[in-house]
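Okay, so here's the structure we're looking at.
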Amino acid sequence: MSCTSRPVTLSSTCETLLSKCEIPIIDLEHVGTERCPQKAVVKQVAVKLVQALSEKGLALLVNHGIPDHKLKAVYRAMDGFCELPEEARAKYERRSPSNHGYVKPGAERSSPTAAAAAAAAAAAAAVAEEEEEVAAAAGAAARHSFDVTGEDKPLPDQQVPGFGSAVQQLATDLKQLTTMLLTALAVGLEQTPDFLLSKHTKLLEPGNQSSMRLVYYPALGLPEAGLPACASHCDYGTFTLLAQDCEGGLEVQMPHGERWGRVGHLPGAILVNSGDILSCWTNGALPALKHRLVVPELCGRGRHSIAFFVHPDSNVTIEPFEAKVTKANQEAAPCRLEKKKKGVLTAYQHLQRRFRETYAS
């Protein structure tokens, strides 16, 4: 289960979006700090970030300031937790209505929203979705995850020494990166620099549903390459920061198209992708990225990832604002989060609805 074993080199036949230069790479070096931002650099990042999310739905961030040893420390902490006996892990299982804690294999299912399902009502599309859900059970049956939130809930430090310290150090760095990205996004959307920050004042604190998810997929032996391990879905929040090891398997669907592509691995990079709420706020100009996880061609080991799901404060309403995004030959997409004839949702209401869809029995 170790995350420090020698990387496997992908075969030359495994073409990725990265190898084809189809994923924007944004350099955050010299961007400054929260207290002392370099405004000219932030402006450059803002333009590139909005362009990347509007055209591709994602970007890879380099020189982001989060050292690799902090990521590996969290990978090792999650390894240690997964090696605990089942009864020890069960003490930390996530209990509704809390979003904090361990999600055991098979407890979670990724599914499209009701709006997306309605849009895909054609029989052929429905059959395709159903087949993908069945195939994804193979991966979901093995997936371990641990969600860390702003709730005052225990972490398994007693059973896994250093678990909490590793998680908290990385969480601090991810919050700082998020703050910079929220500022850049606001600038890129021609709002005041604190426009989005004012909607995300309590990251990983009570009153905000942001979370950091640690995920481990055990090695599956020799399954069929390309088999879905996590069904296609869009993330629920503003955006997601994703760090992953070299095992690969993440695929994305290009916005405004049907083509799926393997992302590929760029050592040290953190991926950012847009979510449902950002799509709604911008009236579809920054569409939520549909993505999935498939079994990679060379899959002899487990796979680690860390996702930081960024959400607005729970009382923030989710309705479009006047986002300035210049895109050629494209009409604004409808907001998927609008509640017909019943007013708008708050961030908390939206997330609870999506969790009910995901964890429905």
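The chains in the structure tokens are called A, B, ... from first to last as shown; in each chain the residues are counted from 1, and the ligands are counted from 1 in the order shown.
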| Per-residue DSSP, segment 31-89 of chain A, filtered to strand (DSSP E), as JSON, numbers by chain | {"A": [58, 59, 60, 61, 62]}
| Non-local contacts of segment 200-202 of chain A (9 Å; only C-alpha atoms; under 4 positions in same chain excluded) as a ChimeraX atom specification | /A:150,179,182,196,206-210,310-313,316
List the neighbours of segment 270-273 of chain A out to 8 Å using only C-alpha atoms; skip same-chain residues closer than 4 positions along the sequence, and give me the result as a short mmCIF file (atom, residue, chain, number, x, y, z; two decimals) with all heavy atoms, in the first residue's frame.
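Heads up, here's the output in result-v9.cif:
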```
data_model
loop_
_atom_site.label_atom_id
_atom_site.label_comp_id
_atom_site.auth_asym_id
_atom_site.auth_seq_id
_atom_site.Cartn_x
_atom_site.Cartn_y
_atom_site.Cartn_z
N LEU A 53 -10.67 27.54 -17.48
CA LEU A 53 -11.91 26.95 -16.96
C LEU A 53 -13.07 27.12 -17.92
O LEU A 53 -13.98 26.28 -17.97
CB LEU A 53 -12.24 27.57 -15.60
CG LEU A 53 -11.24 27.28 -14.47
CD1 LEU A 53 -11.75 27.86 -13.16
CD2 LEU A 53 -10.98 25.79 -14.31
N GLY A 57 -12.44 23.58 -18.59
CA GLY A 57 -13.00 23.14 -17.32
C GLY A 57 -11.96 22.79 -16.28
O GLY A 57 -12.30 22.46 -15.14
N LEU A 58 -10.68 22.86 -16.64
CA LEU A 58 -9.62 22.49 -15.71
C LEU A 58 -8.31 23.13 -16.12
O LEU A 58 -8.15 23.63 -17.23
CB LEU A 58 -9.45 20.97 -15.65
CG LEU A 58 -8.68 20.28 -16.79
CD1 LEU A 58 -8.28 18.86 -16.39
CD2 LEU A 58 -9.47 20.27 -18.08
N ALA A 59 -7.34 23.07 -15.21
CA ALA A 59 -5.97 23.52 -15.48
C ALA A 59 -5.06 22.80 -14.50
O ALA A 59 -5.50 22.34 -13.44
CB ALA A 59 -5.84 25.03 -15.35
N LEU A 60 -3.79 22.70 -14.85
CA LEU A 60 -2.77 22.17 -13.95
C LEU A 60 -1.97 23.34 -13.41
O LEU A 60 -1.49 24.19 -14.17
CB LEU A 60 -1.87 21.18 -14.68
CG LEU A 60 -2.49 19.82 -14.98
CD1 LEU A 60 -1.61 19.01 -15.93
CD2 LEU A 60 -2.71 19.03 -13.68
N LEU A 61 -1.82 23.39 -12.09
CA LEU A 61 -1.11 24.47 -11.42
C LEU A 61 0.28 24.00 -11.04
O LEU A 61 0.43 22.95 -10.39
CB LEU A 61 -1.87 24.90 -10.16
CG LEU A 61 -3.36 25.22 -10.35
CD1 LEU A 61 -4.00 25.50 -9.00
CD2 LEU A 61 -3.56 26.41 -11.30
N VAL A 62 1.29 24.75 -11.42
CA VAL A 62 2.67 24.42 -11.05
C VAL A 62 3.26 25.58 -10.25
O VAL A 62 2.75 26.70 -10.29
CB VAL A 62 3.53 24.12 -12.29
CG1 VAL A 62 3.00 22.91 -13.03
CG2 VAL A 62 3.59 25.33 -13.23
N HIS A 64 3.06 26.03 -7.12
CA HIS A 64 1.98 26.47 -6.24
C HIS A 64 2.40 26.61 -4.79
O HIS A 64 1.62 27.08 -3.96
CB HIS A 64 0.81 25.48 -6.34
CG HIS A 64 1.24 24.05 -6.31
ND1 HIS A 64 1.78 23.45 -5.20
CD2 HIS A 64 1.25 23.12 -7.30
CE1 HIS A 64 2.08 22.19 -5.49
NE2 HIS A 64 1.78 21.96 -6.76
N PHE A 239 -15.00 25.06 -6.87
CA PHE A 239 -14.01 24.32 -7.65
C PHE A 239 -13.34 23.30 -6.75
O PHE A 239 -13.55 23.29 -5.52
CB PHE A 239 -12.97 25.25 -8.31
CG PHE A 239 -12.18 26.12 -7.37
CD1 PHE A 239 -11.15 25.61 -6.59
CD2 PHE A 239 -12.43 27.48 -7.30
CE1 PHE A 239 -10.41 26.42 -5.74
CE2 PHE A 239 -11.70 28.31 -6.45
CZ PHE A 239 -10.69 27.76 -5.67
N THR A 240 -12.57 22.42 -7.34
CA THR A 240 -11.86 21.37 -6.61
C THR A 240 -10.39 21.44 -6.95
O THR A 240 -10.01 21.63 -8.11
CB THR A 240 -12.40 19.98 -7.00
OG1 THR A 240 -13.80 19.91 -6.70
CG2 THR A 240 -11.68 18.87 -6.24
N LEU A 241 -9.55 21.28 -5.92
CA LEU A 241 -8.12 21.11 -6.10
C LEU A 241 -7.80 19.63 -5.92
O LEU A 241 -8.22 19.02 -4.94
CB LEU A 241 -7.33 21.95 -5.08
CG LEU A 241 -7.54 23.46 -5.16
CD1 LEU A 241 -6.77 24.15 -4.03
CD2 LEU A 241 -7.09 24.00 -6.50
N LEU A 242 -7.08 19.06 -6.87
CA LEU A 242 -6.81 17.62 -6.83
C LEU A 242 -5.32 17.35 -6.96
O LEU A 242 -4.68 17.78 -7.93
CB LEU A 242 -7.55 16.92 -7.97
CG LEU A 242 -7.30 15.41 -8.10
CD1 LEU A 242 -7.89 14.67 -6.90
CD2 LEU A 242 -7.88 14.87 -9.40
N ALA A 243 -4.79 16.64 -5.98
CA ALA A 243 -3.42 16.11 -6.06
C ALA A 243 -3.53 14.60 -6.17
O ALA A 243 -4.35 13.98 -5.50
CB ALA A 243 -2.63 16.51 -4.81
N GLN A 244 -2.72 14.00 -7.02
CA GLN A 244 -2.77 12.55 -7.20
C GLN A 244 -1.38 12.00 -7.47
O GLN A 244 -0.50 12.72 -7.92
CB GLN A 244 -3.73 12.18 -8.34
CG GLN A 244 -3.46 12.89 -9.64
CD GLN A 244 -4.52 12.59 -10.69
OE1 GLN A 244 -5.21 11.60 -10.62
NE2 GLN A 244 -4.63 13.45 -11.68
N ALA A 288 -19.16 23.27 -15.20
CA ALA A 288 -18.66 22.21 -14.31
C ALA A 288 -18.05 21.10 -15.14
O ALA A 288 -18.61 20.69 -16.16
CB ALA A 288 -19.79 21.68 -13.44
N LEU A 289 -16.91 20.61 -14.72
CA LEU A 289 -16.19 19.58 -15.47
C LEU A 289 -16.71 18.19 -15.13
O LEU A 289 -16.72 17.79 -13.97
CB LEU A 289 -14.69 19.65 -15.16
CG LEU A 289 -13.83 18.61 -15.90
CD1 LEU A 289 -13.73 18.96 -17.38
CD2 LEU A 289 -12.46 18.51 -15.25
#
```
| message | Set the distance at 12 Å and use only C-alpha atoms: which residues neighbour Val47 of chain A once local chain neighbours fewer than 6 positions away are removed? I'd like the list as number ranges by chain. | response | A: 26, 40-41, 53-54, 181, 183-190, 324-326
| field | Counting only C-alpha atoms, the residue of A:Glu86, A:Glu319, A:Tyr217, A:Arg95 that sits nearest Val294 of chain A | value |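 Nearest to Val294 of chain A: A:Tyr217.
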